[in-house]
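Peer 1: I have a structure here, written as C-alpha cells, and I will follow up with some questions on it.
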Amino acid sequence: MSHAVDIRDLHYRAGTNFEIRELGLRVPTGSLYGFLGPNGSGKTTTIRLMLGLLRPLGGTITVLGASVPRDIPRILARTGYVPEQPHLYTTLTVDEALRFHAVFYPTWDWTWANELVGQFQLDRARRLSQLSKGEMGKLEMLLALAQRPELLVLDEPTDGLDPVVRRDVLAALLDYVSQQNATVFISSHLVHELERICDWVGVMDRGRLVAELPMQSFKSGIKRLRVANPPALPGDTPFVVLAREAGNGASETWTVRGWQAPMSQYFEGVGASLREVIDLDLEEGFVELLRTFREPRS
Amino acid sequence: MFRMILFTQWKWSRLTLSPLVVAAFALPVFSVQRAGNPQTTPWEARQLLSSLESWGVAYPVLATTIALFMAMTAWSADHRGRHVYALSLPIPRWHYALQRFGAGALLLGAAVIALWLGALFAAGTASIPAGLHAYPTAIAVRFALALFLAYAVFFAITAGTTRTAGYVLAIIGGIIAVQVLLETAGVHVALIPFIGDRLILWPGPLEIFSGRWMLIDV
C-alpha cells in the first residue's frame with residue numbers, strides 16, 4: 001500500500017507545555033483519512049509540520065513521495081490546504097482572491113472555479129472582510145479544490161459552519177474525491193461528521209497518535225460488554241480491555257477493542273458470563289479510547 | 001505571479017502612497033519659492049541657499065516616511081494571517097519575500113519620479129541667481145538611494161516576528177540606558193553621538209541621509 005503521507009518518529013516541541021514525540025502516521029493513497037482528537041491534542045501542529053509551516057526537531061515527513069521540508073514548494077503545488085483559521089488577504093474581493101491564488105498553481109481549473117463560485121453563491125465583487133464565516137469557509141474550500149490537488153489537507157474545515165453550509169462544503173469535497181481519486185486528510189473534533197465520510201481514522205491526544213486503523217475496524221471493533229461474575233483480573237484476553245466499570249451486584253461493564261463474536265468463549269473459560277454486547281458509535285468509541293489513553297489501567 | 005503581488009501591494013498602499021507622491025512632487029517646488037529675481041545680490045543668494053538648506057531636511061524625512069509606510073504595508077496582511085497563507089503557497093519563501101520586496105520597490109519608483117518631475121519643474125520655473133545651478137536629477141537620485149536604503153532596512157525589520165522587532169528596540173533601548181547610566185555615574189562618554197556619527201557620517205551605512213540636500217547650489 002502506498003502512502004500519500006508518511007510520518008516517522010516525528011518530534012516537535014512548542015514551549016514547555018506541548019510536545020509531539022515519536023509520532024508515526026501513514027495516510028494511504030486515495031483514502032479519506034479522518035484525523036480525530038480533542039482541542040489542543042496537536043492536530044493543527046501536525047498538519048503544519050506536514051506542510052512545512054513548522055520545522056520539526058526530529059523525524060521524517062514524506063508527502064506525495066517528496067520530503068518535507070526539502071521539497072515543500074513541489075508538495076504544496078500538489079496539495080490543497082484549508083487551515084483552521086481563515087488566512088486569506090481580507091482586503092481583496094472574492095474575484096481578486098481567486099486571481100491571486102490561481103497564479104501560483106499551474107493546475108488551477110478556472111472552469112470549475114467559476115462553477116463553484118456559482119454553486120456556493122459567492123459574490124465576486126464582495127470584499128473578504130465582508131464575508132460571513134460560512135462564505136469564507138466556502139471560499140477556502142473553493143480555492144483548495146480548484147487547484148485540482150492530489151492531496152487535500154483540511155483542518156477543521158466545517159468548524160463553526162451552519163448545517164447547510166457544512167453540507168455544501170462536504171458535498172463539493174466528496175464530488176471532487178469521486179472524480180479525482182485524491183487523498184483527503186481531514187482533521188476534526190466533530191466525530192459524527194468524519195464517521196460518515198472517512199474510510200480511515202487516526203486518533204490523536206496530547207501529542208501522541210492513540211490509534212490508526214480503517215474506519216470499519218474502528219467502528220466494529222469497539223464494544224461495550226455487560227459481564228456477570230467477572231474475574232478479578234481479566235488475564236490473557238483475546239481482545240483489548242479499554243475500561244471496566246462496576247455495575248449492579250456482581251456485574252461489570254467492559255469497554256473492549258478488537259472484539260469478534262467467537263471471543264465470547266473467553267468468558268466461559270474464566271467462569272463469567274457475557275450478558276450483552278452493545279455497539280458503540282464512533283464518538284463513544286473515541287471517548288473510550290481517549291479515556292483509556294489518559295488513564296492507563298495498572 | 002509578480003503582477004498579482006504588485007497588485008496587492010498597490011491595493012494596500014495606494015491610499016497613503018498617493019498623497020506622499022504628491023508631497024514628493026511638491027517638496028522641490030515649495031523649496032524654491034524664495035528664488036524670485038535672477039539679479040540678486042550675493043547676500044540675497046546666500047539667503048536663498050540658507051532657505052533651500054532648511055528645506056533639505058524634509059527630503060530624508062520624506063524618504064524615511066514613505067519607506068517605512070511601504071515596508072509596513074508589504075507585510076501587514078501576512079502578519080494578520082500569521083503568515084499561514086504566504087507559507088502555504090507553492091513557492092520558496094525567499095522567492096515570495098523577494099517578490100514582495102520588488103513590488104514595494106517598484107511602487108516607490110512613483111515617489112522618485114514625482115520628486116524628479118517636481119525638481120525639474122522647480123528648476124525650470126525658478127529664477128536662479130547668477131553663479132548658482134540647479135541639480136534636479138542629482139537630488140532625485142539621492143532621494144531614490146535614501147528611499148531604497150530605508151525601505152530595505154524597514155522591510156527587513158517588518159518581515160521579522162514581533163520578537164525580532166523587540167530585539168531591535170531592545171538594542172536601541174539598551175544603548176540609551178547605558179548612556180544614561182554613564183551620565184549618572186559621572187562618566188562623560190558621548191555614546192549615542194558616537195554611534196550616530198558612525199552610522200550617519202561617511203563611511204557609515206546611512207550617510208546618504210546626512211549632508212546637504214540642495215536642489216540649487218553653487
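Ordered as shown in the C-alpha cells, chains take letters A, B, and onward, while each chain numbers its residues from 1 and ligands are numbered from 1 in the order shown.
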Please give the complete set of residues from range 80-267 of chain A that DSSP, run on the backbone, assigns to strand (DSSP E or B), formatted as number ranges by chain.
Peer 2: A: 80-82, 93, 127, 151-155, 183-188, 200-205, 208-214, 223-228, 240-246, 251-257
Peer 1: Export, as a PDB file, in the first residue's frame, the selected residues with C-alpha atoms.
Peer 2:
ATOM      1  CA  GLY A  80      -4.910  21.890  -1.336  1.00  0.00           C
ATOM      2  CA  TYR A  81      -4.918  23.283   2.176  1.00  0.00           C
ATOM      3  CA  VAL A  82      -7.785  24.675   4.211  1.00  0.00           C
ATOM      4  CA  THR A  93     -12.509  40.906  -3.194  1.00  0.00           C
ATOM      5  CA  ARG A 127     -14.502  42.015  -0.035  1.00  0.00           C
ATOM      6  CA  LEU A 151      -3.885  15.699  -1.630  1.00  0.00           C
ATOM      7  CA  LEU A 152      -6.356  17.814   0.320  1.00  0.00           C
ATOM      8  CA  VAL A 153      -5.414  18.767   3.857  1.00  0.00           C
ATOM      9  CA  LEU A 154      -8.387  20.193   5.687  1.00  0.00           C
ATOM     10  CA  ASP A 155      -8.000  21.456   9.220  1.00  0.00           C
ATOM     11  CA  THR A 183      -6.329  11.648  -0.913  1.00  0.00           C
ATOM     12  CA  VAL A 184      -8.086  13.656   1.779  1.00  0.00           C
ATOM     13  CA  PHE A 185      -6.653  14.299   5.219  1.00  0.00           C
ATOM     14  CA  ILE A 186      -9.358  15.913   7.278  1.00  0.00           C
ATOM     15  CA  SER A 187      -8.899  16.953  10.864  1.00  0.00           C
ATOM     16  CA  SER A 188     -11.886  17.486  13.099  1.00  0.00           C
ATOM     17  CA  TRP A 200      -9.503   5.620   7.683  1.00  0.00           C
ATOM     18  CA  VAL A 201      -9.194   7.171  11.093  1.00  0.00           C
ATOM     19  CA  GLY A 202      -6.302   8.377  13.207  1.00  0.00           C
ATOM     20  CA  VAL A 203      -6.864   9.471  16.780  1.00  0.00           C
ATOM     21  CA  MET A 204      -4.506  11.900  18.418  1.00  0.00           C
ATOM     22  CA  ASP A 205      -4.260  13.041  22.015  1.00  0.00           C
ATOM     23  CA  ARG A 208       0.597  11.153  20.528  1.00  0.00           C
ATOM     24  CA  LEU A 209      -1.187   9.025  17.959  1.00  0.00           C
ATOM     25  CA  VAL A 210      -3.503   6.828  20.012  1.00  0.00           C
ATOM     26  CA  ALA A 211      -4.873   4.700  17.167  1.00  0.00           C
ATOM     27  CA  GLU A 212      -4.734   4.465  13.384  1.00  0.00           C
ATOM     28  CA  LEU A 213      -6.901   1.944  11.551  1.00  0.00           C
ATOM     29  CA  PRO A 214      -9.598   1.568   8.910  1.00  0.00           C
ATOM     30  CA  LYS A 223     -17.897  -2.735  22.011  1.00  0.00           C
ATOM     31  CA  ARG A 224     -19.381  -2.390  25.442  1.00  0.00           C
ATOM     32  CA  LEU A 225     -19.925  -5.754  27.150  1.00  0.00           C
ATOM     33  CA  ARG A 226     -22.135  -6.499  30.128  1.00  0.00           C
ATOM     34  CA  VAL A 227     -20.408  -9.256  32.072  1.00  0.00           C
ATOM     35  CA  ALA A 228     -21.820 -11.210  35.032  1.00  0.00           C
ATOM     36  CA  VAL A 240      -8.103  -5.269  24.443  1.00  0.00           C
ATOM     37  CA  VAL A 241      -9.900  -4.168  27.583  1.00  0.00           C
ATOM     38  CA  LEU A 242     -10.150  -0.391  27.471  1.00  0.00           C
ATOM     39  CA  ALA A 243     -12.214   0.131  30.607  1.00  0.00           C
ATOM     40  CA  ARG A 244     -14.049  -1.749  33.379  1.00  0.00           C
ATOM     41  CA  GLU A 245     -16.881  -0.236  35.345  1.00  0.00           C
ATOM     42  CA  ALA A 246     -18.748  -1.846  38.222  1.00  0.00           C
ATOM     43  CA  SER A 251     -21.847  -7.479  37.087  1.00  0.00           C
ATOM     44  CA  GLU A 252     -19.496  -5.156  35.267  1.00  0.00           C
ATOM     45  CA  THR A 253     -19.456  -3.174  32.059  1.00  0.00           C
ATOM     46  CA  TRP A 254     -16.347  -3.631  29.963  1.00  0.00           C
ATOM     47  CA  THR A 255     -15.328  -1.468  27.044  1.00  0.00           C
ATOM     48  CA  VAL A 256     -13.179  -3.504  24.676  1.00  0.00           C
ATOM     49  CA  ARG A 257     -11.391  -3.098  21.367  1.00  0.00           C
TER      50      ARG A 257
END
Peer 1: Return the neighbours of chain B among the residues of chain A, cut-off 7 Å, counting only C-alpha atoms, as a ChimeraX atom specification.
Peer 2: /A:53,73-74,76-77,87-89,100,103-104
Peer 1: May I ask for the distance between CA of Asp6 in chain A and CA of Ser67 in chain A, given in Å to one decimal place?
Peer 2: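 Between CA of Asp6 in chain A and CA of Ser67 in chain A the gap is 9.6 Å.
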Peer 1: For Ser31 in chain B, work out the shell of residues within 8 Å, counting only C-alpha atoms and skipping chain neighbours fewer than 5 positions away, then give it as a count of residues only.
Peer 2: 3
Peer 1: Would you please work out which residue, of A:Met141, A:Leu25, A:Ile197, A:Ala125, is nearest to Leu10 in chain A when using only C-alpha atoms?
Peer 2: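 Among A:Met141, A:Leu25, A:Ile197, A:Ala125, it is A:Leu25 that comes nearest to Leu10 in chain A.
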Peer 1: With only C-alpha atoms as the counted atoms, please give the residues lying no more than 6 Å from range 13-30 of chain B, apart from itself and same-chain residues fewer than 3 positions off, as a list in words.
Peer 2: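 So, after excluding close chain neighbours, the residues are Trp10, Gln33, Ala111, Ala114, Leu115, Gly118, Ala119 and Ala122 of chain B.
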Peer 1: Can you write out the residues you just picked, keeping N, CA, C and O atoms, as a PDB file, in the first residue's frame?
Peer 2:
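This went into selection.pdb:
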ATOM      1  N   TRP B  10      -0.117  47.396  -4.388  1.00  0.00           N
ATOM      2  CA  TRP B  10      -0.736  48.657  -4.819  1.00  0.00           C
ATOM      3  C   TRP B  10      -2.053  48.873  -4.077  1.00  0.00           C
ATOM      4  O   TRP B  10      -2.334  49.967  -3.582  1.00  0.00           O
ATOM      5  N   GLN B  33      10.525  78.640  -3.517  1.00  0.00           N
ATOM      6  CA  GLN B  33       9.599  79.769  -3.512  1.00  0.00           C
ATOM      7  C   GLN B  33      10.312  81.114  -3.371  1.00  0.00           C
ATOM      8  O   GLN B  33       9.840  82.124  -3.875  1.00  0.00           O
ATOM      9  N   ALA B 111       7.275  57.662  -6.309  1.00  0.00           N
ATOM     10  CA  ALA B 111       7.688  58.805  -5.480  1.00  0.00           C
ATOM     11  C   ALA B 111       8.965  59.433  -6.037  1.00  0.00           C
ATOM     12  O   ALA B 111       9.115  60.667  -6.048  1.00  0.00           O
ATOM     13  N   ALA B 114       8.059  61.343  -9.146  1.00  0.00           N
ATOM     14  CA  ALA B 114       7.326  62.565  -8.773  1.00  0.00           C
ATOM     15  C   ALA B 114       8.297  63.631  -8.276  1.00  0.00           C
ATOM     16  O   ALA B 114       8.190  64.808  -8.652  1.00  0.00           O
ATOM     17  N   LEU B 115       9.251  63.203  -7.449  1.00  0.00           N
ATOM     18  CA  LEU B 115      10.217  64.183  -6.930  1.00  0.00           C
ATOM     19  C   LEU B 115      11.090  64.726  -8.052  1.00  0.00           C
ATOM     20  O   LEU B 115      11.382  65.922  -8.114  1.00  0.00           O
ATOM     21  N   GLY B 118       9.033  67.114 -10.032  1.00  0.00           N
ATOM     22  CA  GLY B 118       8.875  68.330  -9.229  1.00  0.00           C
ATOM     23  C   GLY B 118      10.148  69.164  -9.246  1.00  0.00           C
ATOM     24  O   GLY B 118      10.103  70.401  -9.373  1.00  0.00           O
ATOM     25  N   ALA B 119      11.285  68.472  -9.145  1.00  0.00           N
ATOM     26  CA  ALA B 119      12.570  69.173  -9.148  1.00  0.00           C
ATOM     27  C   ALA B 119      12.828  69.809 -10.513  1.00  0.00           C
ATOM     28  O   ALA B 119      13.318  70.956 -10.600  1.00  0.00           O
ATOM     29  N   ALA B 122      10.525  72.791 -10.738  1.00  0.00           N
ATOM     30  CA  ALA B 122      11.008  73.871  -9.874  1.00  0.00           C
ATOM     31  C   ALA B 122      12.230  74.544 -10.491  1.00  0.00           C
ATOM     32  O   ALA B 122      12.328  75.782 -10.528  1.00  0.00           O
TER      33      ALA B 122
END
Peer 1: Could you check the closest approach to Ala146 in chain B for each of B:Ala67, B:Val218, B:Leu6, B:Ala170 and tell me which residue wins, using only C-alpha atoms?
Peer 2: B:Ala67
Peer 1: Give me the residues near range 116-122 of chain A as JSON, numbers by chain, where near means some atom within 12 Å (using only C-alpha atoms) and where sequence neighbours in that chain fewer than 2 positions away do not count.
Peer 2: {"A": [93, 94, 95, 98, 109, 110, 111, 112, 113, 114, 124, 125, 126, 127, 128, 130, 131, 132, 134, 135, 136, 137, 138, 139, 140, 141, 142, 143, 144, 145, 146, 164, 165, 166, 167, 168, 169, 170, 171, 172, 173, 175, 176]}
Peer 1: Rounded to one decimal place, report the CA of Arg206 in chain A-CA of Val191 in chain A distance in Å.
Peer 2: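 For CA of Arg206 in chain A relative to CA of Val191 in chain A, the distance reads 17.5 Å.
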Peer 1: At what distance in Å, to one decimal, does CA of Asp217 in chain B lie from CA of Phe148 in chain B?
Peer 2: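 That distance, rounded to one decimal, is 24.5 Å.
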Peer 1: Which residues are near Gly160 in chain B? Cut-off 12 Å, only C-alpha atoms, ignore same chain within fewer than 2 positions. Put them as a tab-separated table (two decimals) with N, CA and C atoms, in the first residue's frame.
Peer 2:
chain	number	residue	atom	x	y	z
B	71	ALA	N	7.13	49.55	3.66
B	71	ALA	CA	7.61	48.30	4.28
B	71	ALA	C	6.53	47.71	5.19
B	72	MET	N	5.84	48.59	5.92
B	72	MET	CA	4.79	48.09	6.83
B	72	MET	C	3.64	47.47	6.05
B	74	ALA	N	3.79	46.13	3.17
B	74	ALA	CA	4.24	44.91	2.48
B	74	ALA	C	3.96	43.66	3.31
B	75	TRP	N	4.02	43.80	4.62
B	75	TRP	CA	3.89	42.60	5.47
B	75	TRP	C	2.65	42.58	6.35
B	76	SER	N	1.92	43.71	6.42
B	76	SER	CA	0.85	43.78	7.41
B	76	SER	C	-0.22	42.71	7.18
B	78	ASP	N	0.13	39.78	5.79
B	78	ASP	CA	0.68	38.47	6.16
B	78	ASP	C	0.78	38.34	7.68
B	79	HIS	N	1.14	39.43	8.35
B	79	HIS	CA	1.21	39.38	9.82
B	79	HIS	C	-0.18	39.06	10.40
B	82	ARG	N	-0.89	35.57	10.27
B	82	ARG	CA	0.23	34.82	10.87
B	82	ARG	C	1.06	34.09	9.81
B	83	HIS	N	1.09	34.68	8.62
B	83	HIS	CA	1.94	34.20	7.51
B	83	HIS	C	1.53	32.82	6.98
B	97	ALA	N	9.39	36.48	-0.57
B	97	ALA	CA	9.87	37.70	0.09
B	97	ALA	C	10.50	38.65	-0.95
B	153	VAL	N	15.91	48.50	4.89
B	153	VAL	CA	16.08	48.32	6.34
B	153	VAL	C	14.74	48.03	7.00
B	154	PHE	N	13.74	48.86	6.69
B	154	PHE	CA	12.43	48.68	7.32
B	154	PHE	C	11.77	47.37	6.86
B	155	PHE	N	11.99	47.01	5.59
B	155	PHE	CA	11.41	45.76	5.07
B	155	PHE	C	11.96	44.57	5.85
B	156	ALA	N	13.27	44.61	6.10
B	156	ALA	CA	13.90	43.51	6.84
B	156	ALA	C	13.36	43.43	8.26
B	157	ILE	N	13.19	44.59	8.88
B	157	ILE	CA	12.69	44.60	10.27
B	157	ILE	C	11.24	44.14	10.32
B	158	THR	N	10.41	44.68	9.44
B	158	THR	CA	8.98	44.34	9.50
B	158	THR	C	8.72	42.91	9.01
B	162	THR	N	7.49	39.63	15.87
B	162	THR	CA	7.44	40.64	16.93
B	162	THR	C	8.70	40.54	17.78
B	163	ARG	N	9.19	39.30	17.90
B	163	ARG	CA	10.40	39.09	18.70
B	163	ARG	C	11.60	39.81	18.07
B	164	THR	N	11.69	39.73	16.73
B	164	THR	CA	12.79	40.40	16.03
B	164	THR	C	12.71	41.91	16.26
B	165	ALA	N	11.48	42.45	16.08
B	165	ALA	CA	11.29	43.88	16.31
B	165	ALA	C	11.66	44.23	17.75
B	166	GLY	N	11.33	43.32	18.67
B	166	GLY	CA	11.67	43.52	20.07
B	166	GLY	C	13.17	43.58	20.28
B	167	TYR	N	13.92	42.71	19.59
B	167	TYR	CA	15.39	42.73	19.71
B	167	TYR	C	15.95	44.08	19.25
B	168	VAL	N	15.41	44.57	18.12
B	168	VAL	CA	15.90	45.85	17.58
B	168	VAL	C	15.63	46.96	18.60
Peer 1: Write out as a tab-separated table (two decimals) with N, CA, C and O atoms, in the first residue's frame which residues come within 10 Å of Lys219 in chain A when counting only C-alpha atoms, dropping same-chain ones fewer than 3 positions away.
Peer 2:
chain	number	residue	atom	x	y	z
A	195	GLU	N	-17.28	10.22	10.67
A	195	GLU	CA	-17.83	8.86	10.62
A	195	GLU	C	-18.54	8.61	9.30
A	195	GLU	O	-18.47	7.52	8.73
A	201	VAL	N	-9.13	6.24	9.97
A	201	VAL	CA	-9.19	7.17	11.09
A	201	VAL	C	-7.89	7.10	11.90
A	201	VAL	O	-7.32	6.02	12.09
A	213	LEU	N	-6.35	3.17	12.13
A	213	LEU	CA	-6.90	1.94	11.55
A	213	LEU	C	-8.04	2.28	10.60
A	213	LEU	O	-8.55	3.40	10.60
A	214	PRO	N	-8.45	1.30	9.78
A	214	PRO	CA	-9.60	1.57	8.91
A	214	PRO	C	-10.83	1.91	9.74
A	214	PRO	O	-11.02	1.33	10.82
A	215	MET	N	-11.65	2.79	9.22
A	215	MET	CA	-12.83	3.24	9.97
A	215	MET	C	-13.73	2.06	10.35
A	215	MET	O	-14.25	2.01	11.46
A	216	GLN	N	-13.86	1.13	9.41
A	216	GLN	CA	-14.75	0.00	9.69
A	216	GLN	C	-14.25	-0.81	10.89
A	216	GLN	O	-15.04	-1.19	11.75
A	222	ILE	N	-14.95	-1.80	18.54
A	222	ILE	CA	-15.10	-1.29	19.90
A	222	ILE	C	-16.52	-1.59	20.39
A	222	ILE	O	-17.50	-1.19	19.77
A	223	LYS	N	-16.58	-2.32	21.48
A	223	LYS	CA	-17.90	-2.73	22.01
A	223	LYS	C	-17.94	-2.48	23.52
A	223	LYS	O	-16.91	-2.39	24.19
A	257	ARG	N	-11.74	-3.37	22.77
A	257	ARG	CA	-11.39	-3.10	21.37
A	257	ARG	C	-10.94	-4.41	20.72
A	257	ARG	O	-10.32	-5.25	21.38
A	258	GLY	N	-11.19	-4.56	19.45
A	258	GLY	CA	-10.77	-5.75	18.71
A	258	GLY	C	-11.73	-6.91	18.94
A	258	GLY	O	-11.34	-8.08	18.83
A	279	ASP	N	-23.13	-2.23	20.63
A	279	ASP	CA	-22.33	-1.49	19.63
A	279	ASP	C	-22.13	-0.06	20.10
A	279	ASP	O	-23.06	0.57	20.61
A	280	LEU	N	-20.94	0.43	19.91
A	280	LEU	CA	-20.67	1.85	20.21
A	280	LEU	C	-20.54	2.59	18.89
A	280	LEU	O	-20.00	2.05	17.93
A	281	ASP	N	-21.04	3.81	18.87
A	281	ASP	CA	-20.79	4.59	17.66
A	281	ASP	C	-19.39	5.19	17.77
A	281	ASP	O	-18.70	5.03	18.78
A	282	LEU	N	-18.98	5.86	16.71
A	282	LEU	CA	-17.59	6.34	16.66
A	282	LEU	C	-17.28	7.30	17.81
A	282	LEU	O	-16.20	7.25	18.40
A	283	GLU	N	-18.25	8.14	18.13
A	283	GLU	CA	-18.00	9.13	19.17
A	283	GLU	C	-17.76	8.46	20.52
A	283	GLU	O	-16.82	8.80	21.25
A	284	GLU	N	-18.59	7.46	20.83
A	284	GLU	CA	-18.42	6.75	22.11
A	284	GLU	C	-17.09	6.00	22.12
A	284	GLU	O	-16.37	6.00	23.12
A	285	GLY	N	-16.78	5.37	20.97
A	285	GLY	CA	-15.50	4.67	20.86
A	285	GLY	C	-14.33	5.61	21.03
A	285	GLY	O	-13.35	5.29	21.71
A	286	PHE	N	-14.47	6.77	20.43
A	286	PHE	CA	-13.43	7.80	20.50
A	286	PHE	C	-13.22	8.25	21.95
A	286	PHE	O	-12.10	8.33	22.45
Peer 1: Select, from B:Tyr151, B:Trp213, B:Phe121, B:Trp202, the residue with the minimum atom-to-atom distance to Thr65 in chain B, counting only C-alpha atoms.
Peer 2: B:Tyr151
Peer 1: Pick out the closest residue to Gly34 in chain A from this set: A:Leu190, A:Met263, A:Ala250, A:Val277. Count only C-alpha atoms.
Peer 2: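 Ranked by minimum distance to Gly34 in chain A, first place goes to A:Leu190.
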Peer 1: I need the alpha helix (DSSP H) residues of range 25-155 of chain A per DSSP on the backbone, written as JSON, numbers by chain.
Peer 2: {"A": [43, 44, 45, 46, 47, 48, 49, 50, 72, 73, 74, 75, 76, 77, 94, 95, 96, 97, 98, 99, 100, 101, 102, 110, 111, 112, 113, 114, 115, 116, 117, 118, 119, 133, 134, 135, 136, 137, 138, 139, 140, 141, 142, 143, 144, 145, 146]}
